[in-house]
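Asker: To be precise about what I am sending: the file is called input13.cif and holds mmCIF, N, CA and C atoms.
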data_run
#
loop_
_atom_site.group_PDB
_atom_site.id
_atom_site.type_symbol
_atom_site.label_atom_id
_atom_site.label_comp_id
_atom_site.auth_asym_id
_atom_site.auth_seq_id
_atom_site.Cartn_x
_atom_site.Cartn_y
_atom_site.Cartn_z
ATOM 1 N N MET A 1 87.334 -64.359 8.892
ATOM 2 C CA MET A 1 87.467 -65.309 7.801
ATOM 3 C C MET A 1 88.700 -66.164 8.043
ATOM 4 N N ARG A 2 88.581 -67.435 7.716
ATOM 5 C CA ARG A 2 89.717 -68.342 7.799
ATOM 6 C C ARG A 2 90.072 -68.781 6.386
ATOM 7 N N ALA A 3 91.341 -68.594 6.007
ATOM 8 C CA ALA A 3 91.813 -68.946 4.671
ATOM 9 C C ALA A 3 92.914 -69.988 4.796
ATOM 10 N N GLU A 4 92.706 -71.121 4.154
ATOM 11 C CA GLU A 4 93.671 -72.216 4.219
ATOM 12 C C GLU A 4 93.996 -72.712 2.819
ATOM 13 N N VAL A 5 95.196 -73.255 2.682
ATOM 14 C CA VAL A 5 95.590 -73.928 1.453
ATOM 15 C C VAL A 5 96.112 -75.295 1.879
ATOM 16 N N LEU A 6 95.490 -76.337 1.363
ATOM 17 C CA LEU A 6 95.891 -77.713 1.653
ATOM 18 C C LEU A 6 96.751 -78.203 0.507
ATOM 19 N N VAL A 7 97.932 -78.720 0.838
ATOM 20 C CA VAL A 7 98.871 -79.145 -0.199
ATOM 21 C C VAL A 7 99.498 -80.487 0.152
ATOM 22 N N VAL A 8 99.959 -81.171 -0.865
ATOM 23 C CA VAL A 8 100.793 -82.348 -0.657
ATOM 24 C C VAL A 8 102.233 -81.856 -0.529
ATOM 25 N N PRO A 9 103.122 -82.675 0.030
ATOM 26 C CA PRO A 9 104.519 -82.246 0.135
ATOM 27 C C PRO A 9 105.096 -81.866 -1.232
ATOM 28 N N ASP A 10 105.829 -80.770 -1.266
ATOM 29 C CA ASP A 10 106.507 -80.288 -2.480
ATOM 30 C C ASP A 10 105.551 -79.960 -3.624
ATOM 31 N N CYS A 11 104.362 -79.494 -3.310
ATOM 32 C CA CYS A 11 103.385 -79.135 -4.344
ATOM 33 C C CYS A 11 103.955 -78.007 -5.212
ATOM 34 N N PRO A 12 104.012 -78.190 -6.529
ATOM 35 C CA PRO A 12 104.583 -77.166 -7.395
ATOM 36 C C PRO A 12 103.706 -75.914 -7.531
ATOM 37 N N ASN A 13 102.450 -75.991 -7.108
ATOM 38 C CA ASN A 13 101.533 -74.857 -7.238
ATOM 39 C C ASN A 13 101.214 -74.174 -5.913
ATOM 40 N N GLU A 14 101.882 -74.599 -4.851
ATOM 41 C CA GLU A 14 101.634 -74.018 -3.528
ATOM 42 C C GLU A 14 101.936 -72.521 -3.503
ATOM 43 N N THR A 15 103.107 -72.124 -3.939
ATOM 44 C CA THR A 15 103.512 -70.721 -3.855
ATOM 45 C C THR A 15 102.582 -69.823 -4.652
ATOM 46 N N THR A 16 102.261 -70.207 -5.872
ATOM 47 C CA THR A 16 101.363 -69.405 -6.708
ATOM 48 C C THR A 16 100.002 -69.256 -6.052
ATOM 49 N N THR A 17 99.474 -70.344 -5.527
ATOM 50 C CA THR A 17 98.161 -70.307 -4.892
ATOM 51 C C THR A 17 98.167 -69.409 -3.661
ATOM 52 N N VAL A 18 99.164 -69.565 -2.819
ATOM 53 C CA VAL A 18 99.252 -68.753 -1.601
ATOM 54 C C VAL A 18 99.411 -67.271 -1.963
ATOM 55 N N GLU A 19 100.274 -66.962 -2.927
ATOM 56 C CA GLU A 19 100.473 -65.569 -3.331
ATOM 57 C C GLU A 19 99.196 -64.950 -3.889
ATOM 58 N N ARG A 20 98.487 -65.696 -4.727
ATOM 59 C CA ARG A 20 97.226 -65.173 -5.295
ATOM 60 C C ARG A 20 96.166 -64.984 -4.225
ATOM 61 N N LEU A 21 96.049 -65.953 -3.334
ATOM 62 C CA LEU A 21 95.068 -65.835 -2.256
ATOM 63 C C LEU A 21 95.400 -64.641 -1.368
ATOM 64 N N ARG A 22 96.665 -64.463 -1.048
ATOM 65 C CA ARG A 22 97.088 -63.316 -0.226
ATOM 66 C C ARG A 22 96.751 -62.000 -0.925
ATOM 67 N N GLN A 23 97.007 -61.931 -2.227
ATOM 68 C CA GLN A 23 96.717 -60.719 -2.989
ATOM 69 C C GLN A 23 95.229 -60.378 -2.938
ATOM 70 N N VAL A 24 94.384 -61.373 -3.137
ATOM 71 C CA VAL A 24 92.935 -61.135 -3.135
ATOM 72 C C VAL A 24 92.442 -60.767 -1.738
ATOM 73 N N LEU A 25 92.968 -61.423 -0.725
ATOM 74 C CA LEU A 25 92.581 -61.053 0.640
ATOM 75 C C LEU A 25 92.956 -59.597 0.921
ATOM 76 N N ASP A 26 94.146 -59.198 0.517
ATOM 77 C CA ASP A 26 94.573 -57.815 0.719
ATOM 78 C C ASP A 26 93.690 -56.842 -0.058
ATOM 79 N N GLU A 27 93.378 -57.179 -1.309
ATOM 80 C CA GLU A 27 92.536 -56.320 -2.154
ATOM 81 C C GLU A 27 91.153 -56.112 -1.548
ATOM 82 N N THR A 28 90.660 -57.116 -0.844
ATOM 83 C CA THR A 28 89.306 -57.056 -0.300
ATOM 84 C C THR A 28 89.281 -56.584 1.155
ATOM 85 N N GLY A 29 90.392 -56.025 1.610
ATOM 86 C CA GLY A 29 90.438 -55.454 2.953
ATOM 87 C C GLY A 29 90.648 -56.453 4.067
ATOM 88 N N ARG A 30 91.031 -57.672 3.721
ATOM 89 C CA ARG A 30 91.261 -58.712 4.737
ATOM 90 C C ARG A 30 92.760 -58.880 4.993
ATOM 91 N N ILE A 31 93.422 -57.766 5.198
ATOM 92 C CA ILE A 31 94.870 -57.746 5.376
ATOM 93 C C ILE A 31 95.298 -58.551 6.596
ATOM 94 N N ASP A 32 94.467 -58.583 7.618
ATOM 95 C CA ASP A 32 94.808 -59.297 8.852
ATOM 96 C C ASP A 32 94.476 -60.787 8.813
ATOM 97 N N THR A 33 93.888 -61.257 7.727
ATOM 98 C CA THR A 33 93.556 -62.679 7.619
ATOM 99 C C THR A 33 94.788 -63.457 7.183
ATOM 100 N N PRO A 34 95.296 -64.345 8.028
ATOM 101 C CA PRO A 34 96.457 -65.138 7.614
ATOM 102 C C PRO A 34 96.052 -66.225 6.624
ATOM 103 N N VAL A 35 96.984 -66.610 5.782
ATOM 104 C CA VAL A 35 96.797 -67.757 4.896
ATOM 105 C C VAL A 35 97.542 -68.908 5.554
ATOM 106 N N GLU A 36 96.790 -69.889 6.011
ATOM 107 C CA GLU A 36 97.374 -71.058 6.668
ATOM 108 C C GLU A 36 97.623 -72.139 5.621
ATOM 109 N N VAL A 37 98.810 -72.707 5.636
ATOM 110 C CA VAL A 37 99.154 -73.795 4.719
ATOM 111 C C VAL A 37 99.272 -75.073 5.543
ATOM 112 N N HIS A 38 98.555 -76.105 5.098
ATOM 113 C CA HIS A 38 98.567 -77.402 5.784
ATOM 114 C C HIS A 38 98.997 -78.480 4.795
ATOM 115 N N VAL A 39 99.992 -79.258 5.187
ATOM 116 C CA VAL A 39 100.470 -80.348 4.345
ATOM 117 C C VAL A 39 99.628 -81.582 4.632
ATOM 118 N N VAL A 40 99.130 -82.196 3.573
ATOM 119 C CA VAL A 40 98.255 -83.363 3.670
ATOM 120 C C VAL A 40 99.034 -84.609 3.255
ATOM 121 N N THR A 41 99.079 -85.578 4.152
ATOM 122 C CA THR A 41 99.662 -86.883 3.844
ATOM 123 C C THR A 41 98.742 -87.947 4.431
ATOM 124 N N LEU A 42 98.927 -89.167 4.028
ATOM 125 C CA LEU A 42 98.117 -90.257 4.597
ATOM 126 C C LEU A 42 98.388 -90.417 6.088
ATOM 127 N N GLN A 43 99.591 -90.050 6.528
ATOM 128 C CA GLN A 43 99.939 -90.176 7.933
ATOM 129 C C GLN A 43 99.343 -89.055 8.786
ATOM 130 N N THR A 44 99.167 -87.861 8.206
ATOM 131 C CA THR A 44 98.704 -86.724 9.003
ATOM 132 C C THR A 44 97.203 -86.489 8.919
ATOM 133 N N VAL A 45 96.589 -86.926 7.849
ATOM 134 C CA VAL A 45 95.156 -86.674 7.665
ATOM 135 C C VAL A 45 94.486 -87.965 7.228
ATOM 136 N N PRO A 46 93.656 -88.556 8.084
ATOM 137 C CA PRO A 46 93.054 -89.845 7.755
ATOM 138 C C PRO A 46 92.145 -89.823 6.524
ATOM 139 N N TRP A 47 91.592 -88.681 6.174
ATOM 140 C CA TRP A 47 90.693 -88.605 5.029
ATOM 141 C C TRP A 47 91.424 -88.204 3.756
ATOM 142 N N ALA A 48 92.761 -88.291 3.726
ATOM 143 C CA ALA A 48 93.550 -87.858 2.569
ATOM 144 C C ALA A 48 93.116 -88.542 1.281
ATOM 145 N N SER A 49 92.598 -89.760 1.373
ATOM 146 C CA SER A 49 92.161 -90.445 0.154
ATOM 147 C C SER A 49 90.949 -89.771 -0.472
ATOM 148 N N ALA A 50 90.204 -88.971 0.293
ATOM 149 C CA ALA A 50 89.052 -88.237 -0.232
ATOM 150 C C ALA A 50 89.422 -86.794 -0.592
ATOM 151 N N PHE A 51 90.677 -86.437 -0.439
ATOM 152 C CA PHE A 51 91.195 -85.104 -0.708
ATOM 153 C C PHE A 51 91.015 -84.766 -2.190
ATOM 154 N N ALA A 52 90.634 -83.517 -2.477
ATOM 155 C CA ALA A 52 90.343 -83.102 -3.855
ATOM 156 C C ALA A 52 91.583 -82.812 -4.676
ATOM 157 N N GLY A 53 92.750 -82.897 -4.106
ATOM 158 C CA GLY A 53 93.978 -82.646 -4.838
ATOM 159 C C GLY A 53 94.677 -81.387 -4.350
ATOM 160 N N SER A 54 95.926 -81.256 -4.737
ATOM 161 C CA SER A 54 96.774 -80.175 -4.249
ATOM 162 C C SER A 54 97.099 -79.180 -5.355
ATOM 163 N N PRO A 55 96.925 -77.907 -5.054
ATOM 164 C CA PRO A 55 96.490 -77.271 -3.822
ATOM 165 C C PRO A 55 94.968 -77.143 -3.761
ATOM 166 N N THR A 56 94.423 -77.219 -2.563
ATOM 167 C CA THR A 56 93.002 -76.978 -2.348
ATOM 168 C C THR A 56 92.858 -75.755 -1.455
ATOM 169 N N VAL A 57 92.103 -74.781 -1.931
ATOM 170 C CA VAL A 57 91.812 -73.579 -1.156
ATOM 171 C C VAL A 57 90.575 -73.866 -0.315
ATOM 172 N N VAL A 58 90.635 -73.502 0.961
ATOM 173 C CA VAL A 58 89.501 -73.685 1.866
ATOM 174 C C VAL A 58 89.221 -72.346 2.539
ATOM 175 N N ILE A 59 87.996 -71.871 2.381
ATOM 176 C CA ILE A 59 87.580 -70.609 2.983
ATOM 177 C C ILE A 59 86.500 -70.922 4.016
ATOM 178 N N ASP A 60 86.775 -70.571 5.257
ATOM 179 C CA ASP A 60 85.847 -70.847 6.360
ATOM 180 C C ASP A 60 85.367 -72.293 6.362
ATOM 181 N N GLY A 61 86.306 -73.208 6.133
ATOM 182 C CA GLY A 61 86.005 -74.639 6.207
ATOM 183 C C GLY A 61 85.372 -75.242 4.968
ATOM 184 N N VAL A 62 85.240 -74.454 3.893
ATOM 185 C CA VAL A 62 84.567 -74.926 2.675
ATOM 186 C C VAL A 62 85.499 -74.786 1.473
ATOM 187 N N ASP A 63 85.523 -75.806 0.633
ATOM 188 C CA ASP A 63 86.250 -75.739 -0.636
ATOM 189 C C ASP A 63 85.341 -75.048 -1.642
ATOM 190 N N PRO A 64 85.599 -73.768 -1.965
ATOM 191 C CA PRO A 64 84.703 -73.050 -2.869
ATOM 192 C C PRO A 64 84.784 -73.512 -4.322
ATOM 193 N N PHE A 65 85.737 -74.357 -4.620
ATOM 194 C CA PHE A 65 85.885 -74.885 -5.977
ATOM 195 C C PHE A 65 85.520 -76.366 -6.048
ATOM 196 N N ALA A 66 84.775 -76.841 -5.072
ATOM 197 C CA ALA A 66 84.434 -78.266 -4.987
ATOM 198 C C ALA A 66 83.700 -78.760 -6.232
ATOM 199 N N ASP A 67 82.925 -77.894 -6.861
ATOM 200 C CA ASP A 67 82.191 -78.310 -8.059
ATOM 201 C C ASP A 67 83.114 -78.632 -9.226
ATOM 202 N N GLN A 68 84.360 -78.163 -9.176
ATOM 203 C CA GLN A 68 85.323 -78.441 -10.237
ATOM 204 C C GLN A 68 86.200 -79.643 -9.931
ATOM 205 N N ALA A 69 86.165 -80.118 -8.704
ATOM 206 C CA ALA A 69 87.100 -81.155 -8.258
ATOM 207 C C ALA A 69 86.677 -82.534 -8.719
ATOM 208 N N SER A 70 87.677 -83.345 -8.984
ATOM 209 C CA SER A 70 87.428 -84.759 -9.233
ATOM 210 C C SER A 70 87.232 -85.421 -7.880
ATOM 211 N N ALA A 71 86.181 -86.169 -7.746
ATOM 212 C CA ALA A 71 85.889 -86.819 -6.465
ATOM 213 C C ALA A 71 87.033 -87.728 -6.062
ATOM 214 N N GLY A 72 87.521 -87.513 -4.851
ATOM 215 C CA GLY A 72 88.553 -88.370 -4.312
ATOM 216 C C GLY A 72 89.837 -88.400 -5.119
ATOM 217 N N ALA A 73 90.329 -87.252 -5.532
ATOM 218 C CA ALA A 73 91.562 -87.196 -6.317
ATOM 219 C C ALA A 73 92.743 -87.741 -5.526
ATOM 220 N N GLY A 74 92.654 -87.647 -4.195
ATOM 221 C CA GLY A 74 93.719 -88.164 -3.353
ATOM 222 C C GLY A 74 94.937 -87.265 -3.357
ATOM 223 N N LEU A 75 96.075 -87.845 -3.082
ATOM 224 C CA LEU A 75 97.309 -87.077 -2.925
ATOM 225 C C LEU A 75 97.958 -86.826 -4.286
ATOM 226 N N SER A 76 97.270 -86.079 -5.106
ATOM 227 C CA SER A 76 97.762 -85.766 -6.443
ATOM 228 C C SER A 76 97.531 -84.285 -6.731
ATOM 229 N N CYS A 77 97.993 -83.843 -7.876
ATOM 230 C CA CYS A 77 97.797 -82.449 -8.263
ATOM 231 C C CYS A 77 96.334 -82.207 -8.644
ATOM 232 N N ARG A 78 95.914 -80.986 -8.403
ATOM 233 C CA ARG A 78 94.552 -80.569 -8.738
ATOM 234 C C ARG A 78 94.622 -79.570 -9.879
ATOM 235 N N VAL A 79 93.622 -79.566 -10.733
ATOM 236 C CA VAL A 79 93.553 -78.569 -11.792
ATOM 237 C C VAL A 79 92.314 -77.706 -11.596
ATOM 238 N N TYR A 80 92.476 -76.455 -11.964
ATOM 239 C CA TYR A 80 91.395 -75.474 -11.887
ATOM 240 C C TYR A 80 91.074 -75.038 -13.300
ATOM 241 N N ARG A 81 89.784 -74.997 -13.629
ATOM 242 C CA ARG A 81 89.345 -74.598 -14.964
ATOM 243 C C ARG A 81 88.954 -73.125 -14.960
ATOM 244 N N GLY A 82 89.325 -72.455 -16.025
ATOM 245 C CA GLY A 82 88.981 -71.047 -16.165
ATOM 246 C C GLY A 82 88.868 -70.696 -17.629
ATOM 247 N N PRO A 83 88.588 -69.439 -17.929
ATOM 248 C CA PRO A 83 88.438 -69.014 -19.316
ATOM 249 C C PRO A 83 89.690 -69.271 -20.164
ATOM 250 N N GLU A 84 90.860 -69.278 -19.516
ATOM 251 C CA GLU A 84 92.116 -69.486 -20.240
ATOM 252 C C GLU A 84 92.470 -70.958 -20.375
ATOM 253 N N GLY A 85 91.657 -71.835 -19.828
ATOM 254 C CA GLY A 85 91.953 -73.264 -19.851
ATOM 255 C C GLY A 85 92.142 -73.798 -18.448
ATOM 256 N N VAL A 86 93.024 -74.780 -18.304
ATOM 257 C CA VAL A 86 93.277 -75.369 -16.994
ATOM 258 C C VAL A 86 94.596 -74.875 -16.434
ATOM 259 N N SER A 87 94.660 -74.828 -15.108
ATOM 260 C CA SER A 87 95.850 -74.364 -14.414
ATOM 261 C C SER A 87 95.984 -75.147 -13.116
ATOM 262 N N GLY A 88 97.178 -75.166 -12.569
ATOM 263 C CA GLY A 88 97.419 -75.845 -11.310
ATOM 264 C C GLY A 88 97.077 -75.010 -10.094
ATOM 265 N N ALA A 89 96.638 -73.761 -10.317
ATOM 266 C CA ALA A 89 96.263 -72.862 -9.222
ATOM 267 C C ALA A 89 95.032 -72.074 -9.656
ATOM 268 N N PRO A 90 94.166 -71.714 -8.714
ATOM 269 C CA PRO A 90 93.006 -70.895 -9.096
ATOM 270 C C PRO A 90 93.466 -69.516 -9.556
ATOM 271 N N SER A 91 92.763 -68.962 -10.523
ATOM 272 C CA SER A 91 93.107 -67.639 -11.049
ATOM 273 C C SER A 91 92.748 -66.554 -10.042
ATOM 274 N N LEU A 92 93.330 -65.385 -10.217
ATOM 275 C CA LEU A 92 92.979 -64.243 -9.366
ATOM 276 C C LEU A 92 91.497 -63.949 -9.467
ATOM 277 N N GLU A 93 90.953 -63.987 -10.673
ATOM 278 C CA GLU A 93 89.521 -63.692 -10.861
ATOM 279 C C GLU A 93 88.653 -64.721 -10.140
ATOM 280 N N ALA A 94 89.010 -65.996 -10.220
ATOM 281 C CA ALA A 94 88.226 -67.023 -9.524
ATOM 282 C C ALA A 94 88.288 -66.800 -8.008
ATOM 283 N N LEU A 95 89.459 -66.472 -7.504
ATOM 284 C CA LEU A 95 89.586 -66.199 -6.073
ATOM 285 C C LEU A 95 88.809 -64.958 -5.677
ATOM 286 N N ARG A 96 88.818 -63.944 -6.527
ATOM 287 C CA ARG A 96 88.023 -62.727 -6.220
ATOM 288 C C ARG A 96 86.545 -63.063 -6.112
ATOM 289 N N ARG A 97 86.065 -63.940 -6.982
ATOM 290 C CA ARG A 97 84.646 -64.323 -6.935
ATOM 291 C C ARG A 97 84.310 -65.025 -5.626
ATOM 292 N N VAL A 98 85.159 -65.953 -5.192
ATOM 293 C CA VAL A 98 84.819 -66.712 -3.986
ATOM 294 C C VAL A 98 85.071 -65.920 -2.712
ATOM 295 N N ILE A 99 86.036 -65.037 -2.702
ATOM 296 C CA ILE A 99 86.289 -64.217 -1.511
ATOM 297 C C ILE A 99 85.224 -63.133 -1.387
ATOM 298 N N GLY A 100 84.706 -62.670 -2.509
ATOM 299 C CA GLY A 100 83.698 -61.622 -2.496
ATOM 300 C C GLY A 100 82.316 -62.095 -2.106
ATOM 301 N N ARG A 101 82.113 -63.401 -1.978
ATOM 302 C CA ARG A 101 80.782 -63.941 -1.627
ATOM 303 C C ARG A 101 80.384 -63.538 -0.237
#
How would this structure read if it were set down as structure tokens?

Answerer:
Amino acid sequence: MRAEVLVVPDCPNETTTVERLRQVLDETGRIDTPVEVHVVTLQTVPWASAFAGSPTVVIDGVDPFADQASAGAGLSCRVYRGPEGVSGAPSLEALRRVIGR
């Protein structure tokens, strides 16, 4: 499994997202799966204007939360919807659902 987090520079939700993703990977026996963090800018990624927002979790090349994303959010913050409302990072439960697939 490949686990990535795409962020804009100085994303305020990067640490929370990475920590939660790491926790879920460990819980599901994927202790050896690294969490790769990639910074997205217009200079480094030509498709940044189509980026769903920061942070974006990508599992095996797929954004498992794409159905919640605003199309072409660009280099801005992303929000995740859950039972508790909106948050700047996916919840542990949401990550458990997508990692368990």

Asker: Mind checking which residues fall within 9 Å of Thr17 in chain A, counting only C-alpha atoms, ignoring those fewer than 6 positions away in the same chain, and posting them as a PyMOL selection string?

Answerer: chain A and resi 5+55-57+88-91

Asker: Enclose all atoms of range 1-10 of chain A listed in the file in an axis-aligned box, grow every side by 4 Å, and hand back centre and edge lengths in Å to one decimal, as AutoDock Vina command-line options.

Answerer:
--center_x 96.9 --center_y -73.5 --center_z 2.6 --size_x 27.2 --size_y 26.3 --size_z 20.5

Asker: Please indicate the distance in Å from CA of Thr41 in chain A to CA of Gly85 in chain A, rounded to one decimal place.

Answerer: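 Taking CA of Thr41 in chain A as the start and CA of Gly85 in chain A as the end point, the length is 28.4 Å.
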
Asker: Check the smallest atom-to-atom distance from each of A:Leu6, A:Val24, A:Ile99, A:Pro83 to Val40 in chain A using all atoms listed in the file, then report the winner.

Answerer: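 So, comparing all the options, the nearest one is A:Leu6.
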
Asker: I'd like the residues picked by the PyMOL selection byres ((chain A and resi 3) around 8) written out as number ranges by chain, using the chain letters and numbers from the file.

Answerer: A: 1-2, 4-6, 33-37, 57-61

Asker: Using backbone DSSP assignments, extract all strand (DSSP E or B) residues from chain A; output them as a VMD selection string.

Answerer: chain A and resid 3 to 7 35 to 39 54 56 to 59 62 77 80 to 82 85 to 87

Asker: Could you turn the residues from that selection into a file that holds N, CA and C atoms, as a tab-separated table (two decimals), in the frame of the given file?

Answerer:
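Final file, part-v2.tsv:
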chain	number	residue	atom	x	y	z
A	3	ALA	N	91.34	-68.59	6.01
A	3	ALA	CA	91.81	-68.95	4.67
A	3	ALA	C	92.91	-69.99	4.80
A	4	GLU	N	92.71	-71.12	4.15
A	4	GLU	CA	93.67	-72.22	4.22
A	4	GLU	C	94.00	-72.71	2.82
A	5	VAL	N	95.20	-73.26	2.68
A	5	VAL	CA	95.59	-73.93	1.45
A	5	VAL	C	96.11	-75.30	1.88
A	6	LEU	N	95.49	-76.34	1.36
A	6	LEU	CA	95.89	-77.71	1.65
A	6	LEU	C	96.75	-78.20	0.51
A	7	VAL	N	97.93	-78.72	0.84
A	7	VAL	CA	98.87	-79.14	-0.20
A	7	VAL	C	99.50	-80.49	0.15
A	35	VAL	N	96.98	-66.61	5.78
A	35	VAL	CA	96.80	-67.76	4.90
A	35	VAL	C	97.54	-68.91	5.55
A	36	GLU	N	96.79	-69.89	6.01
A	36	GLU	CA	97.37	-71.06	6.67
A	36	GLU	C	97.62	-72.14	5.62
A	37	VAL	N	98.81	-72.71	5.64
A	37	VAL	CA	99.15	-73.80	4.72
A	37	VAL	C	99.27	-75.07	5.54
A	38	HIS	N	98.56	-76.10	5.10
A	38	HIS	CA	98.57	-77.40	5.78
A	38	HIS	C	99.00	-78.48	4.80
A	39	VAL	N	99.99	-79.26	5.19
A	39	VAL	CA	100.47	-80.35	4.34
A	39	VAL	C	99.63	-81.58	4.63
A	54	SER	N	95.93	-81.26	-4.74
A	54	SER	CA	96.77	-80.18	-4.25
A	54	SER	C	97.10	-79.18	-5.36
A	56	THR	N	94.42	-77.22	-2.56
A	56	THR	CA	93.00	-76.98	-2.35
A	56	THR	C	92.86	-75.76	-1.46
A	57	VAL	N	92.10	-74.78	-1.93
A	57	VAL	CA	91.81	-73.58	-1.16
A	57	VAL	C	90.58	-73.87	-0.32
A	58	VAL	N	90.64	-73.50	0.96
A	58	VAL	CA	89.50	-73.68	1.87
A	58	VAL	C	89.22	-72.35	2.54
A	59	ILE	N	88.00	-71.87	2.38
A	59	ILE	CA	87.58	-70.61	2.98
A	59	ILE	C	86.50	-70.92	4.02
A	62	VAL	N	85.24	-74.45	3.89
A	62	VAL	CA	84.57	-74.93	2.68
A	62	VAL	C	85.50	-74.79	1.47
A	77	CYS	N	97.99	-83.84	-7.88
A	77	CYS	CA	97.80	-82.45	-8.26
A	77	CYS	C	96.33	-82.21	-8.64
A	80	TYR	N	92.48	-76.46	-11.96
A	80	TYR	CA	91.40	-75.47	-11.89
A	80	TYR	C	91.07	-75.04	-13.30
A	81	ARG	N	89.78	-75.00	-13.63
A	81	ARG	CA	89.34	-74.60	-14.96
A	81	ARG	C	88.95	-73.12	-14.96
A	82	GLY	N	89.32	-72.46	-16.02
A	82	GLY	CA	88.98	-71.05	-16.16
A	82	GLY	C	88.87	-70.70	-17.63
A	85	GLY	N	91.66	-71.83	-19.83
A	85	GLY	CA	91.95	-73.26	-19.85
A	85	GLY	C	92.14	-73.80	-18.45
A	86	VAL	N	93.02	-74.78	-18.30
A	86	VAL	CA	93.28	-75.37	-16.99
A	86	VAL	C	94.60	-74.88	-16.43
A	87	SER	N	94.66	-74.83	-15.11
A	87	SER	CA	95.85	-74.36	-14.41
A	87	SER	C	95.98	-75.15	-13.12

Asker: Could you list, as a ChimeraX atom specification, every residue within 6 Å of Cys77 in chain A, counting only N, CA and C atoms and ignoring same-chain residues fewer than 2 positions away?

Answerer: /A:53-55,75,79

Asker: Please provide as a ChimeraX atom specification all residues within 8 Å of Arg20 in chain A, with the sequence filter that same-chain residues fewer than 4 positions apart are discarded (counting only N, CA and C atoms).

Answerer: /A:14-16,24-26,90-92,95-96

Asker: Mind dumping the selected residues with N, CA and C atoms as a short mmCIF file (atom, residue, chain, number, x, y, z; two decimals), in the coordinates of the input?

Answerer:
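Listing of again.cif after writing:
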data_model
loop_
_atom_site.label_atom_id
_atom_site.label_comp_id
_atom_site.auth_asym_id
_atom_site.auth_seq_id
_atom_site.Cartn_x
_atom_site.Cartn_y
_atom_site.Cartn_z
N GLU A 14 101.88 -74.60 -4.85
CA GLU A 14 101.63 -74.02 -3.53
C GLU A 14 101.94 -72.52 -3.50
N THR A 15 103.11 -72.12 -3.94
CA THR A 15 103.51 -70.72 -3.86
C THR A 15 102.58 -69.82 -4.65
N THR A 16 102.26 -70.21 -5.87
CA THR A 16 101.36 -69.40 -6.71
C THR A 16 100.00 -69.26 -6.05
N VAL A 24 94.38 -61.37 -3.14
CA VAL A 24 92.94 -61.14 -3.14
C VAL A 24 92.44 -60.77 -1.74
N LEU A 25 92.97 -61.42 -0.72
CA LEU A 25 92.58 -61.05 0.64
C LEU A 25 92.96 -59.60 0.92
N ASP A 26 94.15 -59.20 0.52
CA ASP A 26 94.57 -57.82 0.72
C ASP A 26 93.69 -56.84 -0.06
N PRO A 90 94.17 -71.71 -8.71
CA PRO A 90 93.01 -70.90 -9.10
C PRO A 90 93.47 -69.52 -9.56
N SER A 91 92.76 -68.96 -10.52
CA SER A 91 93.11 -67.64 -11.05
C SER A 91 92.75 -66.55 -10.04
N LEU A 92 93.33 -65.39 -10.22
CA LEU A 92 92.98 -64.24 -9.37
C LEU A 92 91.50 -63.95 -9.47
N LEU A 95 89.46 -66.47 -7.50
CA LEU A 95 89.59 -66.20 -6.07
C LEU A 95 88.81 -64.96 -5.68
N ARG A 96 88.82 -63.94 -6.53
CA ARG A 96 88.02 -62.73 -6.22
C ARG A 96 86.54 -63.06 -6.11
#

Asker: If you measure from CA of His38 in chain A to CA of Pro64 in chain A, what distance in Å do you get, rounded to one decimal?

Answerer: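 CA of Pro64 in chain A lies 16.9 Å from CA of His38 in chain A.
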
Asker: What's the separation between CA of Val8 in chain A and CA of Val39 in chain A, in Å to one decimal place?

Answerer: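 The value is 5.4 Å.
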
Asker: Which of chain A counts as helix (DSSP H, G or I) under DSSP, as JSON, numbers by chain please?

Answerer: {"A": [14, 15, 16, 17, 18, 19, 20, 21, 22, 23, 24, 25, 26, 27, 48, 49, 50, 66, 67, 68, 92, 93, 94, 95, 96, 97, 98, 99]}

Asker: Which is closer to Pro12 in chain A than all the others in A:Ile31, A:Arg81, A:Val62, A:Ser87, using only C-alpha atoms?

Answerer: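 Answer, going by the shortest atom-to-atom distance: A:Ser87.
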